[in-house]
>>> print(open('final27.txt').read())   # compact mmCIF, C-alpha atoms
# COMPACT_ATOMS: atom_id res chain seq x y z
CA MET A 27 76.04 -27.45 -4.72
CA LYS A 28 75.21 -26.63 -8.34
CA VAL A 29 74.01 -23.07 -8.93
CA LEU A 30 72.07 -21.82 -11.94
CA ALA A 31 72.61 -18.07 -12.47
CA LEU A 32 69.75 -16.86 -14.67
CA GLY A 33 70.68 -13.49 -16.14
CA GLY A 34 74.21 -14.08 -14.87
CA PRO A 35 75.99 -11.87 -17.43
CA GLY A 36 73.96 -8.79 -16.42
CA ALA A 37 75.51 -6.09 -14.25
CA MET A 38 74.00 -7.36 -11.00
CA GLY A 39 74.08 -11.02 -11.94
CA ALA A 40 77.78 -10.87 -12.78
CA VAL A 41 78.63 -9.51 -9.33
CA ALA A 42 76.54 -12.24 -7.70
CA VAL A 43 78.27 -14.91 -9.79
CA ARG A 44 81.72 -13.56 -8.92
CA VAL A 45 81.02 -13.64 -5.18
CA ALA A 46 79.11 -16.94 -5.29
CA ALA A 47 82.05 -18.63 -7.03
CA THR A 48 84.15 -18.08 -3.90
CA LEU A 49 81.64 -19.53 -1.44
CA PRO A 50 82.47 -22.87 0.19
CA GLY A 51 80.07 -25.52 -1.02
CA VAL A 52 79.51 -24.06 -4.49
CA ARG A 53 81.05 -26.57 -6.90
CA GLU A 54 79.57 -25.39 -10.21
CA ILE A 55 77.82 -22.31 -11.55
CA VAL A 56 75.90 -22.45 -14.82
CA VAL A 57 75.84 -18.91 -16.21
CA ALA A 58 72.60 -18.77 -18.20
CA ASP A 59 71.23 -16.02 -20.41
CA ARG A 60 69.36 -15.60 -23.67
CA ASP A 61 72.58 -14.00 -24.94
CA LEU A 62 74.95 -16.95 -25.11
CA THR A 63 77.91 -14.77 -26.12
CA ALA A 64 77.53 -12.66 -22.97
CA ALA A 65 77.40 -15.82 -20.84
CA GLN A 66 80.53 -17.18 -22.51
CA GLN A 67 82.38 -13.91 -21.96
CA LEU A 68 81.60 -13.89 -18.23
CA VAL A 69 82.69 -17.51 -17.85
CA ARG A 70 86.02 -16.69 -19.53
CA LYS A 71 86.46 -13.58 -17.40
CA LEU A 72 85.89 -15.41 -14.11
CA ALA A 73 87.76 -18.60 -15.00
CA GLY A 74 89.94 -19.74 -12.12
CA THR A 75 88.34 -17.51 -9.50
CA GLY A 76 86.58 -20.32 -7.66
CA ALA A 77 83.88 -22.81 -8.61
CA ARG A 78 83.92 -24.18 -12.14
CA MET A 79 81.56 -22.47 -14.57
CA ARG A 80 79.94 -23.12 -17.89
CA PRO A 81 77.69 -21.01 -20.11
CA LEU A 82 74.17 -21.92 -21.19
CA GLN A 83 71.67 -20.23 -23.48
CA VAL A 84 68.25 -19.95 -21.86
CA ASP A 85 65.26 -17.74 -22.62
CA VAL A 86 63.02 -17.72 -19.54
CA THR A 87 59.94 -17.37 -21.78
CA ASP A 88 60.72 -20.81 -23.22
CA ALA A 89 59.12 -23.12 -20.64
CA ASP A 90 60.86 -26.28 -21.79
CA ALA A 91 64.32 -24.67 -21.89
CA LEU A 92 63.76 -23.07 -18.49
CA HIS A 93 62.76 -26.38 -16.88
CA ALA A 94 65.69 -28.18 -18.50
CA ALA A 95 68.07 -25.60 -16.99
CA LEU A 96 66.46 -25.70 -13.55
CA ALA A 97 66.07 -29.45 -13.11
CA PRO A 98 69.75 -30.34 -12.48
CA ALA A 99 70.42 -27.26 -10.33
CA ASP A 100 70.29 -27.22 -6.54
CA VAL A 101 69.53 -23.49 -6.41
CA VAL A 102 68.83 -20.72 -8.89
CA LEU A 103 69.90 -17.09 -8.60
CA ASN A 104 67.34 -15.23 -10.70
CA THR A 105 68.42 -11.76 -11.86
CA VAL A 106 66.15 -11.62 -14.92
CA GLY A 107 64.00 -8.52 -14.82
CA PRO A 108 61.73 -6.70 -14.82
CA TYR A 109 60.13 -8.98 -12.27
CA TYR A 110 56.59 -7.85 -12.95
CA ARG A 111 57.04 -9.69 -16.26
CA PHE A 112 59.25 -12.66 -15.45
CA GLY A 113 59.47 -13.19 -11.69
CA LEU A 114 56.39 -15.34 -11.15
CA THR A 115 57.18 -17.50 -14.21
CA VAL A 116 60.67 -18.39 -12.99
CA LEU A 117 59.61 -19.06 -9.40
CA ARG A 118 56.79 -21.37 -10.51
CA ALA A 119 59.23 -23.25 -12.71
CA ALA A 120 61.73 -23.54 -9.84
CA ILE A 121 59.07 -24.97 -7.54
CA THR A 122 58.06 -27.50 -10.21
CA ALA A 123 61.73 -28.48 -10.64
CA ARG A 124 62.23 -28.59 -6.82
CA THR A 125 65.08 -26.10 -7.12
CA HIS A 126 65.77 -23.64 -4.30
CA TYR A 127 65.43 -20.02 -5.35
CA LEU A 128 66.75 -16.51 -4.65
CA ASP A 129 66.09 -13.32 -6.58
CA ILE A 130 66.36 -9.52 -6.42
CA CYS A 131 62.70 -8.82 -7.20
CA ASP A 132 62.02 -5.12 -6.65
CA ASP A 133 58.40 -4.95 -7.88
CA TRP A 134 55.65 -5.16 -5.28
CA GLU A 135 53.02 -6.67 -7.60
CA PRO A 136 54.83 -9.96 -8.33
CA THR A 137 56.08 -10.06 -4.74
CA LEU A 138 52.49 -10.49 -3.59
CA GLN A 139 51.93 -13.19 -6.20
CA MET A 140 55.14 -15.01 -5.31
CA LEU A 141 54.37 -14.96 -1.60
CA ASP A 142 51.10 -16.67 -2.47
CA LEU A 143 53.16 -19.63 -3.74
CA ASP A 144 54.35 -20.32 -0.19
CA GLU A 145 52.24 -23.46 0.28
CA ALA A 146 53.31 -24.87 -3.10
CA ALA A 147 56.97 -24.26 -2.23
CA ARG A 148 56.56 -25.91 1.17
CA SER A 149 54.95 -28.96 -0.41
CA ALA A 150 57.84 -29.21 -2.87
CA GLY A 151 60.48 -28.72 -0.15
CA VAL A 152 61.72 -25.57 -1.90
CA CYS A 153 63.16 -22.59 -0.01
CA ALA A 154 62.61 -19.36 -1.96
CA VAL A 155 63.89 -15.95 -0.86
CA VAL A 156 62.32 -13.07 -2.77
CA GLY A 157 63.95 -9.62 -2.97
CA MET A 158 67.49 -10.26 -1.69
CA GLY A 159 69.30 -7.22 -3.14
CA ALA A 160 69.93 -3.71 -1.86
CA SER A 161 66.35 -2.44 -1.77
CA PRO A 162 64.63 -4.72 -1.10
CA GLY A 163 67.12 -6.87 0.77
CA VAL A 164 69.59 -4.79 2.74
CA SER A 165 66.76 -2.36 3.48
CA ASN A 166 64.59 -5.15 4.93
CA LEU A 167 67.43 -6.33 7.15
CA LEU A 168 68.06 -2.77 8.37
CA ALA A 169 64.34 -2.66 9.20
CA ALA A 170 64.73 -5.94 11.09
CA ARG A 171 67.52 -4.42 13.15
CA ALA A 172 65.39 -1.33 13.89
CA VAL A 173 62.27 -3.31 14.79
CA ARG A 174 64.30 -5.50 17.15
CA GLU A 175 64.68 -2.46 19.42
CA LEU A 176 60.90 -2.17 19.86
CA ASP A 177 58.27 -4.06 21.86
CA THR A 178 55.43 -2.78 19.66
CA VAL A 179 55.70 -1.46 16.10
CA GLN A 180 53.74 1.47 14.72
CA ASP A 181 55.48 2.83 11.59
CA ILE A 182 58.25 1.48 9.33
CA TYR A 183 59.97 3.37 6.52
CA THR A 184 62.78 2.21 4.26
CA ALA A 185 64.65 4.61 1.98
CA TRP A 186 67.31 4.56 -0.75
CA PRO A 187 69.18 7.34 -2.59
CA VAL A 188 68.69 8.53 -6.15
CA ASP A 189 70.91 11.55 -6.72
CA VAL A 190 71.75 13.04 -3.34
CA PRO A 191 75.35 14.31 -2.93
CA ASP A 192 78.23 12.01 -1.96
CA THR A 193 76.47 8.76 -2.84
CA GLY A 194 77.94 8.21 -6.29
CA ASP A 195 74.84 6.16 -6.88
CA GLY A 196 75.51 5.48 -10.55
CA GLN A 197 71.87 5.76 -11.62
CA ASP A 198 72.77 7.20 -15.04
CA GLU A 199 74.97 4.19 -15.81
CA GLN A 200 72.05 1.85 -15.08
CA LEU A 201 69.40 3.46 -17.29
CA LEU A 202 70.59 1.93 -20.57
CA GLY A 203 71.76 -1.60 -21.26
CA PRO A 204 74.78 -2.54 -23.40
CA ASP A 205 72.50 -2.57 -26.46
CA GLY A 206 71.48 1.06 -25.88
CA ARG A 207 67.93 0.11 -24.91
CA PRO A 208 66.42 0.99 -21.50
CA SER A 209 67.59 -1.44 -18.82
CA ALA A 210 65.21 -3.66 -16.87
CA ALA A 211 66.00 -1.55 -13.80
CA ALA A 212 64.93 1.64 -15.59
CA VAL A 213 61.71 0.06 -16.89
CA HIS A 214 60.98 -1.21 -13.37
CA TRP A 215 61.51 2.31 -12.01
CA MET A 216 58.92 3.75 -14.39
CA GLN A 217 56.46 1.05 -13.34
CA GLN A 218 56.93 2.00 -9.70
CA ILE A 219 56.50 5.78 -10.09
CA SER A 220 53.22 5.49 -12.00
CA GLY A 221 49.69 4.30 -11.36
CA GLU A 222 49.19 3.28 -7.75
CA VAL A 223 51.63 1.52 -5.44
CA ALA A 224 51.38 -0.52 -2.26
CA VAL A 225 51.82 1.20 1.10
CA VAL A 226 50.58 0.49 4.61
CA HIS A 227 48.01 2.85 6.16
CA ASP A 228 46.58 2.26 9.64
CA GLY A 229 48.11 -1.19 9.58
CA LYS A 230 46.42 -2.25 6.34
CA LEU A 231 47.97 -2.74 2.90
CA VAL A 232 46.42 -0.18 0.54
CA ARG A 233 47.20 1.41 -2.82
CA ARG A 234 48.08 5.06 -3.16
CA PRO A 235 49.64 7.30 -5.84
CA PRO A 236 53.47 7.30 -5.79
CA LEU A 237 55.79 10.30 -5.35
CA ARG A 238 53.86 11.57 -2.33
CA PRO A 239 56.11 13.51 0.08
CA VAL A 240 56.88 12.11 3.53
CA SER A 241 58.55 14.53 5.94
CA LEU A 242 60.65 12.64 8.46
CA THR A 243 62.01 13.52 11.89
CA LEU A 244 64.73 11.06 12.88
CA PRO A 245 67.17 10.61 15.79
CA GLU A 246 70.31 12.75 16.07
CA GLY A 247 68.49 15.81 14.72
CA ARG A 248 68.06 14.44 11.21
CA SER A 249 65.10 15.64 9.18
CA GLY A 250 63.98 16.11 5.60
CA THR A 251 61.50 14.99 2.97
CA ALA A 252 61.59 11.78 0.94
CA TYR A 253 59.10 10.48 -1.63
CA VAL A 254 57.02 7.32 -1.91
CA VAL A 255 57.96 4.84 -4.63
CA GLY A 256 56.51 1.43 -5.31
CA HIS A 257 58.60 -1.39 -3.85
CA PRO A 258 58.16 -4.71 -2.01
CA GLU A 259 59.25 -3.54 1.45
CA PRO A 260 55.81 -2.33 2.67
CA VAL A 261 54.25 -5.56 1.41
CA THR A 262 56.62 -7.87 3.27
CA LEU A 263 57.26 -5.75 6.37
CA GLN A 264 53.51 -5.49 6.94
CA ARG A 265 53.28 -9.29 6.94
CA SER A 266 56.41 -9.79 9.01
CA TYR A 267 55.98 -7.13 11.74
CA GLN A 268 52.33 -6.03 11.51
CA PRO A 269 52.86 -2.29 12.08
CA THR A 270 49.72 -0.58 13.32
CA GLY A 271 50.44 2.70 11.53
CA GLN A 272 52.22 3.50 8.28
CA ALA A 273 54.85 1.80 6.13
CA ALA A 274 56.30 2.83 2.78
CA ASN A 275 59.43 2.71 0.68
CA LEU A 276 60.93 6.11 -0.06
CA MET A 277 63.37 7.76 -2.44
CA VAL A 278 65.89 10.23 -1.01
CA ILE A 279 66.02 12.53 -4.00
CA THR A 280 66.63 16.16 -4.98
CA PRO A 281 63.66 18.33 -6.05
CA GLY A 282 64.88 18.72 -9.65
CA THR A 283 65.10 14.99 -10.32
CA LEU A 284 61.87 14.33 -8.47
CA ALA A 285 60.13 16.94 -10.66
CA TYR A 286 61.30 15.19 -13.83
CA LEU A 287 60.03 11.85 -12.51
CA ASP A 288 56.72 13.54 -11.73
CA ILE A 289 56.48 14.74 -15.34
CA LEU A 290 57.13 11.21 -16.57
CA ARG A 291 54.55 9.85 -14.14
CA THR A 292 51.97 12.30 -15.49
CA ASP A 293 52.68 11.25 -19.07
CA ILE A 294 52.68 7.52 -18.28
CA ASP A 295 49.36 7.76 -16.45
CA ALA A 296 47.90 9.77 -19.34
CA GLY A 297 48.99 7.11 -21.85
CA ARG A 298 51.47 9.40 -23.63
CA LEU A 299 54.40 7.21 -22.56
CA THR A 300 54.93 3.53 -21.87
CA ASN A 301 57.33 2.30 -19.21
CA GLU A 302 59.89 1.66 -21.95
CA THR A 303 59.58 5.04 -23.67
CA ALA A 304 59.59 6.84 -20.32
CA ALA A 305 62.78 5.00 -19.33
CA ALA A 306 64.39 6.01 -22.62
CA ASP A 307 63.37 9.63 -22.02
CA LEU A 308 64.86 9.55 -18.53
CA ALA A 309 68.16 8.31 -19.93
CA LYS A 310 68.15 11.11 -22.52
CA PRO A 311 65.88 13.86 -21.18
CA SER A 312 63.88 15.85 -23.68
CA LEU A 313 64.06 19.64 -23.60
CA LYS A 314 60.28 20.00 -23.43
CA ARG A 315 59.94 17.79 -20.37
CA ALA A 316 63.02 19.35 -18.76
CA LEU A 317 61.39 22.78 -19.00
CA ARG A 318 58.14 21.42 -17.54
CA ALA A 319 60.12 19.83 -14.71
CA ALA A 320 62.05 23.02 -13.95
CA ALA A 321 58.78 24.86 -13.41
CA ARG A 322 57.40 22.04 -11.25
CA SER A 323 60.49 21.57 -9.05
CA VAL A 324 59.60 24.51 -6.81
CA ARG A 325 56.73 22.43 -5.42
CA PHE A 326 59.05 19.89 -3.83
CA SER A 327 61.17 19.88 -0.68
CA GLY A 328 64.62 18.35 -0.40
CA PRO A 329 66.13 15.59 1.77
CA LYS A 330 68.11 18.02 3.98
CA THR A 331 69.96 15.90 6.57
CA LEU A 332 68.34 12.51 5.95
CA PRO A 333 70.77 9.60 5.60
CA PRO A 334 70.82 8.36 2.01
CA PHE A 335 70.01 4.71 2.78
CA PHE A 336 68.19 3.69 5.95
CA ALA A 337 65.30 2.06 7.74
CA ALA A 338 63.39 3.77 10.53
CA ALA A 339 60.71 2.40 12.83
CA THR A 340 58.60 3.87 15.56
CA GLY A 341 56.74 2.16 18.39
CA THR A 342 57.21 1.57 22.08
CA ARG A 343 59.82 0.00 24.31
CA HIS A 344 59.00 -0.69 27.95
CA GLY A 345 55.81 1.30 27.44
CA ARG A 346 57.57 4.45 26.19
CA PRO A 347 57.53 5.87 22.64
CA LEU A 348 60.72 5.33 20.69
CA THR A 349 61.97 5.98 17.16
CA VAL A 350 64.84 3.83 15.91
CA LEU A 351 67.02 4.61 12.90
CA ALA A 352 69.23 1.91 11.31
CA HIS A 353 71.66 2.92 8.57
CA LEU A 354 74.99 1.98 7.09
CA ALA A 355 78.05 3.77 8.44
CA ALA A 356 79.70 6.46 6.37
CA VAL A 357 82.92 5.94 4.45
CA SER A 358 83.82 9.62 4.53
CA GLY A 359 83.32 12.46 6.97
CA ASP A 360 82.15 11.39 10.40
CA HIS A 361 80.57 8.00 11.14
CA ARG A 362 77.02 9.25 11.54
CA GLY A 363 76.04 8.19 8.05
CA ASP A 364 76.21 11.49 6.16
CA ALA A 365 77.63 9.54 3.21
CA THR A 366 76.34 6.11 2.35
CA SER A 367 78.40 2.95 2.22
CA ALA A 368 80.52 2.59 -0.89
CA LEU A 369 78.85 -0.76 -1.44
CA ILE A 370 75.37 0.73 -1.69
CA SER A 371 76.63 3.61 -3.87
CA ASP A 372 77.27 1.06 -6.67
CA MET A 373 73.96 -0.44 -7.80
CA ALA A 374 75.50 -3.58 -9.29
CA LYS A 375 77.58 -4.35 -6.19
CA GLY A 376 74.87 -3.22 -3.80
CA THR A 377 72.45 -5.69 -5.36
CA GLY A 378 74.67 -8.57 -6.49
CA ILE A 379 76.72 -8.97 -3.31
CA PRO A 380 73.67 -9.25 -1.00
CA LEU A 381 72.18 -11.85 -3.34
CA ALA A 382 75.33 -13.97 -3.08
CA LEU A 383 75.45 -13.52 0.69
CA GLY A 384 71.85 -14.72 0.87
CA LEU A 385 73.00 -17.79 -1.03
CA ALA A 386 75.78 -18.25 1.54
CA GLN A 387 73.16 -18.65 4.27
CA MET A 388 71.08 -21.01 2.15
CA LEU A 389 74.18 -23.18 1.60
CA ASP A 390 74.16 -23.98 5.32
CA GLY A 391 70.91 -25.84 4.89
CA THR A 392 69.14 -23.62 7.42
CA GLY A 393 66.55 -22.28 4.97
CA LEU A 394 62.98 -23.37 5.63
CA PRO A 395 60.72 -24.48 2.78
CA GLY A 396 58.33 -21.82 1.58
CA VAL A 397 58.47 -18.39 -0.04
CA HIS A 398 60.01 -15.82 2.30
CA PRO A 399 61.09 -12.17 2.31
CA PRO A 400 64.66 -11.39 3.45
CA GLU A 401 63.69 -10.30 6.96
CA ILE A 402 62.25 -13.76 7.63
CA ALA A 403 64.74 -15.98 5.80
CA ILE A 404 68.07 -14.22 6.42
CA ASP A 405 69.90 -13.72 9.73
CA PRO A 406 70.59 -9.95 9.76
CA ASP A 407 73.49 -10.12 12.22
CA ARG A 408 75.38 -12.66 10.16
CA PHE A 409 74.47 -10.87 6.94
CA PHE A 410 75.88 -7.48 7.98
CA LEU A 411 79.07 -9.07 9.27
CA ASP A 412 79.48 -10.84 5.93
CA LEU A 413 78.62 -7.64 4.07
CA ALA A 414 81.27 -5.70 5.98
CA ARG A 415 83.91 -8.19 4.85
CA HIS A 416 83.09 -7.34 1.23
CA GLU A 417 83.21 -3.58 1.89
CA PRO A 418 86.52 -2.25 0.51
CA ASN A 419 86.40 0.71 2.87
CA GLN A 420 85.77 -1.33 6.03
CA ALA A 421 89.13 -0.31 7.50
CA MET A 422 88.10 3.32 7.15
CA LEU A 423 84.75 2.55 8.79
CA LEU A 424 86.44 1.02 11.80
CA ARG A 425 88.93 3.89 12.11
CA ASN A 426 85.98 6.28 12.13
CA GLY A 427 84.49 4.45 15.08
CA ALA A 428 81.74 2.59 13.25
CA PRO A 429 80.49 -0.74 14.65
CA GLN A 430 82.16 -3.87 13.39
CA ASP A 431 79.29 -4.82 11.10
CA GLY A 432 78.98 -1.30 9.66
CA VAL A 433 75.42 -0.75 10.91
CA VAL A 434 74.63 2.30 13.05
CA ILE A 435 71.57 2.21 15.35
CA GLU A 436 70.28 5.52 16.70
CA ARG A 437 67.32 6.06 19.02
CA ALA A 438 65.17 8.98 20.12
CA PRO A 439 62.17 9.12 22.49
CA VAL A 440 59.81 10.84 20.03
CA HIS A 441 56.16 10.22 19.28
CA ALA A 442 56.01 11.14 15.58
CA LEU A 443 58.27 9.77 12.88
CA ALA A 444 56.69 11.25 9.78
CA ARG A 445 53.97 13.38 8.26
CA SER A 446 52.81 13.28 4.64
>>> encode(input="final27.txt", output="structure tokens")
Amino acid sequence: MKVLALGGPGAMGAVAVRVAATLPGVREIVVADRDLTAAQQLVRKLAGTGARMRPLQVDVTDADALHAALAPADVVLNTVGPYYRFGLTVLRAAITARTHYLDICDDWEPTLQMLDLDEAARSAGVCAVVGMGASPGVSNLLAARAVRELDTVQDIYTAWPVDVPDTGDGQDEQLLGPDGRPSAAAVHWMQQISGEVAVVHDGKLVRRPPLRPVSLTLPEGRSGTAYVVGHPEPVTLQRSYQPTGQAANLMVITPGTLAYLDILRTDIDAGRLTNETAAADLAKPSLKRALRAAARSVRFSGPKTLPPFFAAATGTRHGRPLTVLAHLAAVSGDHRGDATSALISDMAKGTGIPLALGLAQMLDGTGLPGVHPPEIAIDPDRFFLDLARHEPNQAMLLRNGAPQDGVVIERAPVHALARS
């Protein structure tokens, strides 16, 4: 199989390329980017690690160049962001070229638009998996594992860490690109903390302001407050599992950082900042906004004992109320998940490795034509077993009594999961 890696030299793309090169069935990877030098450097760095590679200069805004790159490829790994600008363009081009497609889209707006291309993809015989990273991606598959424990589904929440202790989440390293400008991930983040975002309320997809607090009560005595952020999970989980209550994607974040994001949100919504200038300010905080945030931080509650990265669902099983928590096992302390997996603590690995493992399942030829979210297209049991094999601390997980695939499922017979 010939793989086109769009945005391959980027932090997340490079990890995906490295892992994909070792997969059986991958014979060639074309590392494509608008920066040809960066593509050449990655090809040299990974030479001899698996599949043969070659660099290619491609700007995804150049329709002819994009089609020429896609046409000879069997599948494209698209890591060019932000996806609210480029995602729909690349997927449309892939469908036209009849090239299978995977991406790490983490914006809910283009996710809706890309899901609407399902019929076109089916007609073209193209299998497209949208949002196969950490969140979305791993988070969706944790939700799939939680929902599997239920007969009926009421609420679903997914959550990821920003700056909580012991996660080593590396957010600061991801705010600026090599050129010193705000990264696509940082610009995306500003898009998803401003305006209105998609959530599920009473079973319906609606739009609400972001950064709203959600106080959670979870199994094993865990509780705390997390905050709504725009992301694709509510959009796809609502379609996949039809919860009758609430669904949202949450940030597990400390009050001080949340307060600074709230200041940026205020200034973006007022037109004083763009997504790009807000992202630059977050990378190098201004004194004026820091002082405003310090005063505002007292309004917010902290995450307390919430796991840093998890999915939780509530509903019924055998007619009785049940809350199910699915999270990754800890790599330090006990195995209850008080520290997140080392894989998820590194944004590049946590996003790039799942993308490559999604490709591994597509290589089997089991993918169905159409545009699908991870929870529909990817087998969660196989995925987490594969993910555990790429976890450098798996031996520690097993010594600590964690399950073989590194996923911990906890249950509690409670009626209420959250209040906001």
>>> residues_around(input="final27.txt", residues="stretch 145-151 of chain A", least_positions_apart="3", cutoff="10 Å", atoms="all atoms listed in the file", output="NGL selection string")
:A and (117-118 or 120-127 or 140-142 or 154 or 394-397)
>>> closest_residue(input="final27.txt", among="A:Gly378, A:Gly393, A:Gly250, A:Gly113", to="A:Ala40", atoms="only C-alpha atoms")
A:Gly378
>>> residues_around(input="final27.txt", residues="A:Ile55", least_positions_apart="5", cutoff="10 Å", atoms="only C-alpha atoms", output="count of residues only")
21
>>> residues_near_point(input="final27.txt", point="(64.6, 11.2, 13.4)", cutoff="8 Å", atoms="all atoms listed in the file", output="NGL selection string")
:A and (242-249 or 349-351 or 438 or 443)
>>> atom_distance(input="final27.txt", atom1="atom CA of A:Leu308", atom2="atom CA of A:Leu128")
29.6 Å
>>> closest_residue(input="final27.txt", among="A:Val226, A:Leu287, A:Ala296, A:Ala119", to="A:Gln180", atoms="all atoms listed in the file")
A:Val226
>>> residues_around(input="final27.txt", residues="stretch 276-284 of chain A", least_positions_apart="5", cutoff="10 Å", atoms="only C-alpha atoms", output="PyMOL selection string")
chain A and resi 183-191+236-240+250-257+259+289-290+308+316+319-330+332-337
